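Trainee: Quick one: this structure, given as structure tokens, is what I'll be asking you about.
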Amino acid sequence: MKYYFAPLEGLTNYVYRNIHAEYFGKLDKYFTPFLSPNQNKKFSTREKNDILPENNIGLNVVPQLLTNNSEHFIWACNEIEKMGYTEVNLNLGCPSGTVVAKKKGSGFLTELDKLDNFLDDIYSKTDINISIKTRLGRYSPDEFEEILNIFNKYPIYELTIHPRVQTDFYRNPVNKQAFYKYFESVKAPVCYNGDIFKASDCKIENVNAVMLGRGLIANPFLVSCIKGENVFDKQIVKDFHDKLYRVYKEKLSGDIPVLHKMKEIWFYMNVLFSADETIWKKLRKTKNLKEYEMLINSIFSYDLNENAAYIGLK
Ligand SMILES: Cc1cc2nc3c(=O)[nH]c(=O)nc-3n(C[C@H](O)[C@H](O)[C@H](O)COP(=O)(O)O)c2cc1C
């Protein structure tokens, strides 16, 4: 089984992925949060930093692109290939209202003629391996039959399926039944993604690759747990935390952006500690690093919760 880190905008940037790999072991692939190529033909500073080879040494990183414009996609592929990458990923899953309104991400899944033309263009005019991350449709998993007929026309390097539709966002249960209904008909190698929060969630039959997101932020030992390794060690989490915190303090200016980053991680990772709710409440509210550091000391005075599992949006 291969294990991939899902792209999570705001969370799995190059800082996080490098430090996670250092303390919890390297995964087989790391997908970047989406980059949005546009008519400017220029990546933003944040986007560039995230894919610079010197910021990703020793990691198998796959830049992800979000666009419905094949010219912009092809421009980005060329830039990414020049940097030495061998794979890019197309985002056909993002459920966000603003993205979907522009017919990008999962919003592109209702524009089947346009999607077909787009795929025809990008697969015929680039040399790089193009994988796709998709949902089953916009409103109903039945839409996937037609979507898959289109996908199967192209040499998709790997197809990651998140078995929800756009209107599910991340809320409704994943539809494994629909995943298996279509699984055999997919020509490309398939990767499963969605709601793997504990080792037993990872029993996805006949699949050779899984992509983990929120579960792995919540419990950074999750892949080791799935592999049956007994690795829970509070000191590793402390060292991981401290390095992440130190690097964010170096790279970001001002307390608030640093706190914002750390709070986003704790939104998921709180399950790893049995600290009581008053501490988490204070952590969510704190506006300065001194108080944050005091709270961190309290949090780390608790034992690790070895049954830690993210259990869905709160
Ligand atoms: C905060 C957040 C940001 C995300 N950003 C991206 C993204 O940039 N690109 C993408 O394809 N999916 C993105 N996703 C979706 C995840 O990659 C993944 O498909 C989803 O969280 C389900 O997997 P999980 O249950 O293992 O978390 C995001 C999800 C969350 C919660």
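So you can find residues: chains in the structure tokens are A, B, ... in the order shown, residues in each start at 1, and ligands are numbered from 1 in order.
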Which residues are close to Lys187 of chain A, i.e. within 9 Å by only C-alpha atoms, leaving aside same-chain residues fewer than 2 positions away? Reply as a ChimeraX atom specification.

Mentor: /A:151-153,155-156,183-185,189-190

Trainee: Could you give me, as JSON lines, every chain A residue with an atom at most 7 Å from ligand 1, plus its closest atom pair and distance in Å to one decimal, counting only C-alpha atoms and all ligand atoms, rows ordered by chain then number?

Mentor:
```
{"residue": "A:Ala6", "atom": "CA", "partner": "ligand 1", "partner_atom_place_in_ligand_line": "17 (O)", "distance": 4.3}
{"residue": "A:Pro7", "atom": "CA", "partner": "ligand 1", "partner_atom_place_in_ligand_line": "17 (O)", "distance": 4.3}
{"residue": "A:Leu8", "atom": "CA", "partner": "ligand 1", "partner_atom_place_in_ligand_line": "5 (N)", "distance": 3.5}
{"residue": "A:Glu9", "atom": "CA", "partner": "ligand 1", "partner_atom_place_in_ligand_line": "5 (N)", "distance": 3.9}
{"residue": "A:Gly10", "atom": "CA", "partner": "ligand 1", "partner_atom_place_in_ligand_line": "1 (C)", "distance": 6.6}
{"residue": "A:Leu11", "atom": "CA", "partner": "ligand 1", "partner_atom_place_in_ligand_line": "1 (C)", "distance": 6.9}
{"residue": "A:Thr32", "atom": "CA", "partner": "ligand 1", "partner_atom_place_in_ligand_line": "8 (O)", "distance": 6.9}
{"residue": "A:Pro33", "atom": "CA", "partner": "ligand 1", "partner_atom_place_in_ligand_line": "8 (O)", "distance": 3.5}
{"residue": "A:Phe34", "atom": "CA", "partner": "ligand 1", "partner_atom_place_in_ligand_line": "8 (O)", "distance": 4.2}
{"residue": "A:Asn91", "atom": "CA", "partner": "ligand 1", "partner_atom_place_in_ligand_line": "11 (O)", "distance": 5.2}
{"residue": "A:Gly93", "atom": "CA", "partner": "ligand 1", "partner_atom_place_in_ligand_line": "11 (O)", "distance": 5.9}
{"residue": "A:Cys94", "atom": "CA", "partner": "ligand 1", "partner_atom_place_in_ligand_line": "12 (N)", "distance": 5.8}
{"residue": "A:Lys133", "atom": "CA", "partner": "ligand 1", "partner_atom_place_in_ligand_line": "11 (O)", "distance": 6.2}
{"residue": "A:His162", "atom": "CA", "partner": "ligand 1", "partner_atom_place_in_ligand_line": "19 (O)", "distance": 6.0}
{"residue": "A:Tyr170", "atom": "CA", "partner": "ligand 1", "partner_atom_place_in_ligand_line": "22 (C)", "distance": 6.8}
{"residue": "A:Asn193", "atom": "CA", "partner": "ligand 1", "partner_atom_place_in_ligand_line": "23 (O)", "distance": 5.4}
{"residue": "A:Gly194", "atom": "CA", "partner": "ligand 1", "partner_atom_place_in_ligand_line": "25 (O)", "distance": 3.8}
{"residue": "A:Asp195", "atom": "CA", "partner": "ligand 1", "partner_atom_place_in_ligand_line": "25 (O)", "distance": 3.5}
{"residue": "A:Ile196", "atom": "CA", "partner": "ligand 1", "partner_atom_place_in_ligand_line": "26 (O)", "distance": 5.3}
{"residue": "A:Met211", "atom": "CA", "partner": "ligand 1", "partner_atom_place_in_ligand_line": "26 (O)", "distance": 6.5}
{"residue": "A:Leu212", "atom": "CA", "partner": "ligand 1", "partner_atom_place_in_ligand_line": "26 (O)", "distance": 4.1}
{"residue": "A:Gly213", "atom": "CA", "partner": "ligand 1", "partner_atom_place_in_ligand_line": "26 (O)", "distance": 3.5}
{"residue": "A:Arg214", "atom": "CA", "partner": "ligand 1", "partner_atom_place_in_ligand_line": "27 (O)", "distance": 3.7}
{"residue": "A:Gly215", "atom": "CA", "partner": "ligand 1", "partner_atom_place_in_ligand_line": "26 (O)", "distance": 5.6}
```

Trainee: Would you write out those residues with C-alpha atoms, as a PDB file, in the first residue's frame?

Mentor:
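Result file follows (out.pdb):
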```pdb
ATOM      1  CA  ALA A   6      -3.633  15.022   0.862  1.00  0.00           C
ATOM      2  CA  PRO A   7      -3.464  18.654  -0.189  1.00  0.00           C
ATOM      3  CA  LEU A   8      -4.949  20.792   2.588  1.00  0.00           C
ATOM      4  CA  GLU A   9      -4.879  24.486   1.852  1.00  0.00           C
ATOM      5  CA  GLY A  10      -3.433  26.448   4.787  1.00  0.00           C
ATOM      6  CA  LEU A  11      -2.115  23.282   6.468  1.00  0.00           C
ATOM      7  CA  THR A  32       0.531  20.532  -2.618  1.00  0.00           C
ATOM      8  CA  PRO A  33      -2.539  22.623  -1.877  1.00  0.00           C
ATOM      9  CA  PHE A  34      -3.863  23.914  -5.193  1.00  0.00           C
ATOM     10  CA  ASN A  91      -8.108  19.407  -8.867  1.00  0.00           C
ATOM     11  CA  GLY A  93     -12.809  18.045  -6.212  1.00  0.00           C
ATOM     12  CA  CYS A  94     -12.773  21.432  -4.496  1.00  0.00           C
ATOM     13  CA  LYS A 133      -8.227  14.174  -7.868  1.00  0.00           C
ATOM     14  CA  HIS A 162     -12.963  11.214  -2.924  1.00  0.00           C
ATOM     15  CA  TYR A 170     -16.892  17.268   3.963  1.00  0.00           C
ATOM     16  CA  ASN A 193      -9.301   9.365  -0.300  1.00  0.00           C
ATOM     17  CA  GLY A 194     -11.754  10.221   2.455  1.00  0.00           C
ATOM     18  CA  ASP A 195     -12.348   9.856   6.191  1.00  0.00           C
ATOM     19  CA  ILE A 196      -9.397   7.634   7.039  1.00  0.00           C
ATOM     20  CA  MET A 211      -4.484   9.592   0.481  1.00  0.00           C
ATOM     21  CA  LEU A 212      -4.824  10.873   4.037  1.00  0.00           C
ATOM     22  CA  GLY A 213      -5.743  14.398   5.075  1.00  0.00           C
ATOM     23  CA  ARG A 214      -7.433  15.509   8.265  1.00  0.00           C
ATOM     24  CA  GLY A 215      -6.806  12.194  10.030  1.00  0.00           C
TER      25      GLY A 215
END
```

Trainee: Quick one: pull the distance between atom CA of Phe31 of chain A and atom CA of Asn68 of chain A, Å, one decimal.

Mentor: 19.0 Å

Trainee: Near Ser106 of chain A, within 7 Å and counting only C-alpha atoms, which residues show up once chain neighbours fewer than 3 positions away are dropped, as a short mmCIF file (atom, residue, chain, number, x, y, z; two decimals) with N, CA, C and O atoms, in the first residue's frame?

Mentor:
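Produced file part-v8.cif, reproduced below:
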```
data_model
loop_
_atom_site.label_atom_id
_atom_site.label_comp_id
_atom_site.auth_asym_id
_atom_site.auth_seq_id
_atom_site.Cartn_x
_atom_site.Cartn_y
_atom_site.Cartn_z
N LEU A 92 -10.25 18.36 -9.36
CA LEU A 92 -11.66 18.33 -9.79
C LEU A 92 -12.55 18.01 -8.60
O LEU A 92 -13.61 17.39 -8.74
N GLY A 93 -12.07 18.42 -7.41
CA GLY A 93 -12.81 18.05 -6.21
C GLY A 93 -13.21 19.20 -5.32
O GLY A 93 -14.13 19.06 -4.51
N CYS A 94 -12.53 20.34 -5.45
CA CYS A 94 -12.77 21.43 -4.50
C CYS A 94 -14.26 21.81 -4.46
O CYS A 94 -14.84 22.13 -5.50
N PRO A 95 -14.89 21.77 -3.27
CA PRO A 95 -16.34 22.04 -3.19
C PRO A 95 -16.68 23.49 -2.85
O PRO A 95 -17.86 23.84 -2.76
N VAL A 100 -16.62 26.67 -7.22
CA VAL A 100 -17.64 25.96 -8.00
C VAL A 100 -18.41 26.93 -8.91
O VAL A 100 -18.73 26.62 -10.06
N LEU A 109 -17.21 19.46 -12.99
CA LEU A 109 -17.77 18.13 -13.25
C LEU A 109 -19.16 18.18 -13.90
O LEU A 109 -19.69 17.14 -14.30
N ARG A 135 -14.14 14.30 -7.17
CA ARG A 135 -15.32 13.82 -6.44
C ARG A 135 -16.18 13.01 -7.42
O ARG A 135 -15.87 12.97 -8.61
N GLY A 137 -19.23 13.71 -8.33
CA GLY A 137 -20.13 14.55 -9.11
C GLY A 137 -20.45 15.81 -8.34
O GLY A 137 -19.85 16.11 -7.31
N ARG A 138 -21.43 16.54 -8.87
CA ARG A 138 -21.83 17.78 -8.22
C ARG A 138 -22.97 17.52 -7.22
O ARG A 138 -22.93 17.97 -6.09
N GLN A 166 -20.16 17.30 -4.59
CA GLN A 166 -19.86 18.67 -4.14
C GLN A 166 -20.76 19.11 -2.99
O GLN A 166 -20.29 19.70 -2.02
#
```

Trainee: How many Å lie between atom CA of Asp121 of chain A and atom CA of Ser140 of chain A, rounded to one decimal?

Mentor: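 For atom CA of Asp121 of chain A relative to atom CA of Ser140 of chain A, the distance reads 27.1 Å.
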
Trainee: Leaving out segment 60-65 of chain A and any residue of its chain fewer than 3 positions from it, which residues lie within 9 Å of it when counting only C-alpha atoms, given as an NGL selection string?

Mentor: :A and (7 or 26-37 or 50-51 or 56-57 or 73 or 76-77 or 80 or 85-91 or 132)

Trainee: Find the residues near Val247 of chain A: any atom within 12 Å, counting only C-alpha atoms, skip ones fewer than 2 places away on the same chain, and give them as a list in words.

Mentor: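 Counting only C-alpha atoms, the residues come to Tyr14, Val15, Tyr16, Asn18, Ile19, Phe240, His241, Asp242, Lys243, Leu244, Tyr245, Lys249, Glu250, Lys251, Leu252, Ser253, Val258, Lys261 and Met262 of chain A.
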
Trainee: Filtering to N, CA, C and O atoms, could you give me those residues as a short mmCIF file (atom, residue, chain, number, x, y, z; two decimals), in the first residue's frame?

Mentor:
```cif
data_model
loop_
_atom_site.label_atom_id
_atom_site.label_comp_id
_atom_site.auth_asym_id
_atom_site.auth_seq_id
_atom_site.Cartn_x
_atom_site.Cartn_y
_atom_site.Cartn_z
N TYR A 14 4.85 23.67 2.43
CA TYR A 14 6.17 23.03 2.45
C TYR A 14 6.78 22.99 3.84
O TYR A 14 7.52 22.06 4.18
N VAL A 15 6.46 23.97 4.67
CA VAL A 15 7.00 23.98 6.04
C VAL A 15 6.45 22.76 6.78
O VAL A 15 7.20 21.95 7.34
N TYR A 16 5.14 22.61 6.74
CA TYR A 16 4.51 21.50 7.46
C TYR A 16 4.98 20.15 6.91
O TYR A 16 5.33 19.24 7.67
N ASN A 18 7.65 19.19 5.29
CA ASN A 18 9.03 18.83 5.61
C ASN A 18 9.19 18.40 7.06
O ASN A 18 9.86 17.41 7.36
N ILE A 19 8.56 19.15 7.95
CA ILE A 19 8.74 18.85 9.38
C ILE A 19 7.96 17.59 9.75
O ILE A 19 8.43 16.77 10.54
N PHE A 240 8.23 17.93 17.24
CA PHE A 240 7.55 18.31 15.98
C PHE A 240 6.88 19.68 16.15
O PHE A 240 7.07 20.59 15.36
N HIS A 241 6.11 19.80 17.21
CA HIS A 241 5.41 21.06 17.47
C HIS A 241 6.40 22.21 17.59
O HIS A 241 6.22 23.28 16.98
N ASP A 242 7.44 22.00 18.38
CA ASP A 242 8.36 23.10 18.66
C ASP A 242 9.09 23.56 17.40
O ASP A 242 9.30 24.75 17.19
N LYS A 243 9.42 22.60 16.54
CA LYS A 243 10.11 23.00 15.31
C LYS A 243 9.15 23.76 14.38
O LYS A 243 9.50 24.79 13.81
N LEU A 244 7.93 23.25 14.28
CA LEU A 244 6.93 23.91 13.44
C LEU A 244 6.72 25.35 13.92
O LEU A 244 6.73 26.31 13.13
N TYR A 245 6.57 25.50 15.21
CA TYR A 245 6.32 26.80 15.83
C TYR A 245 7.51 27.73 15.58
O TYR A 245 7.34 28.89 15.19
N LYS A 249 7.55 31.08 13.28
CA LYS A 249 7.94 32.38 13.87
C LYS A 249 9.02 33.06 13.02
O LYS A 249 9.03 34.27 12.87
N GLU A 250 9.92 32.23 12.45
CA GLU A 250 10.97 32.80 11.60
C GLU A 250 10.40 33.32 10.28
O GLU A 250 10.83 34.34 9.77
N LYS A 251 9.43 32.60 9.73
CA LYS A 251 8.98 32.90 8.36
C LYS A 251 7.83 33.89 8.30
O LYS A 251 7.65 34.56 7.28
N LEU A 252 7.04 33.97 9.36
CA LEU A 252 5.87 34.85 9.32
C LEU A 252 6.14 36.05 10.20
O LEU A 252 6.86 35.95 11.20
N SER A 253 5.55 37.19 9.85
CA SER A 253 5.82 38.35 10.70
C SER A 253 4.61 38.69 11.56
O SER A 253 3.49 38.82 11.05
N VAL A 258 1.31 33.66 13.00
CA VAL A 258 1.87 32.44 13.59
C VAL A 258 0.78 31.70 14.37
O VAL A 258 0.59 30.49 14.22
N LYS A 261 -1.67 29.90 12.08
CA LYS A 261 -1.15 28.61 11.57
C LYS A 261 -1.24 27.53 12.66
O LYS A 261 -1.69 26.41 12.40
N MET A 262 -0.76 27.86 13.86
CA MET A 262 -0.73 26.86 14.92
C MET A 262 -2.14 26.45 15.34
O MET A 262 -2.41 25.27 15.59
#
```

Trainee: Between atom CA of Lys282 of chain A and atom CA of Tyr302 of chain A, what distance in Å does the model show, to one decimal?

Mentor: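 Separation of atom CA of Lys282 of chain A and atom CA of Tyr302 of chain A: 16.1 Å.
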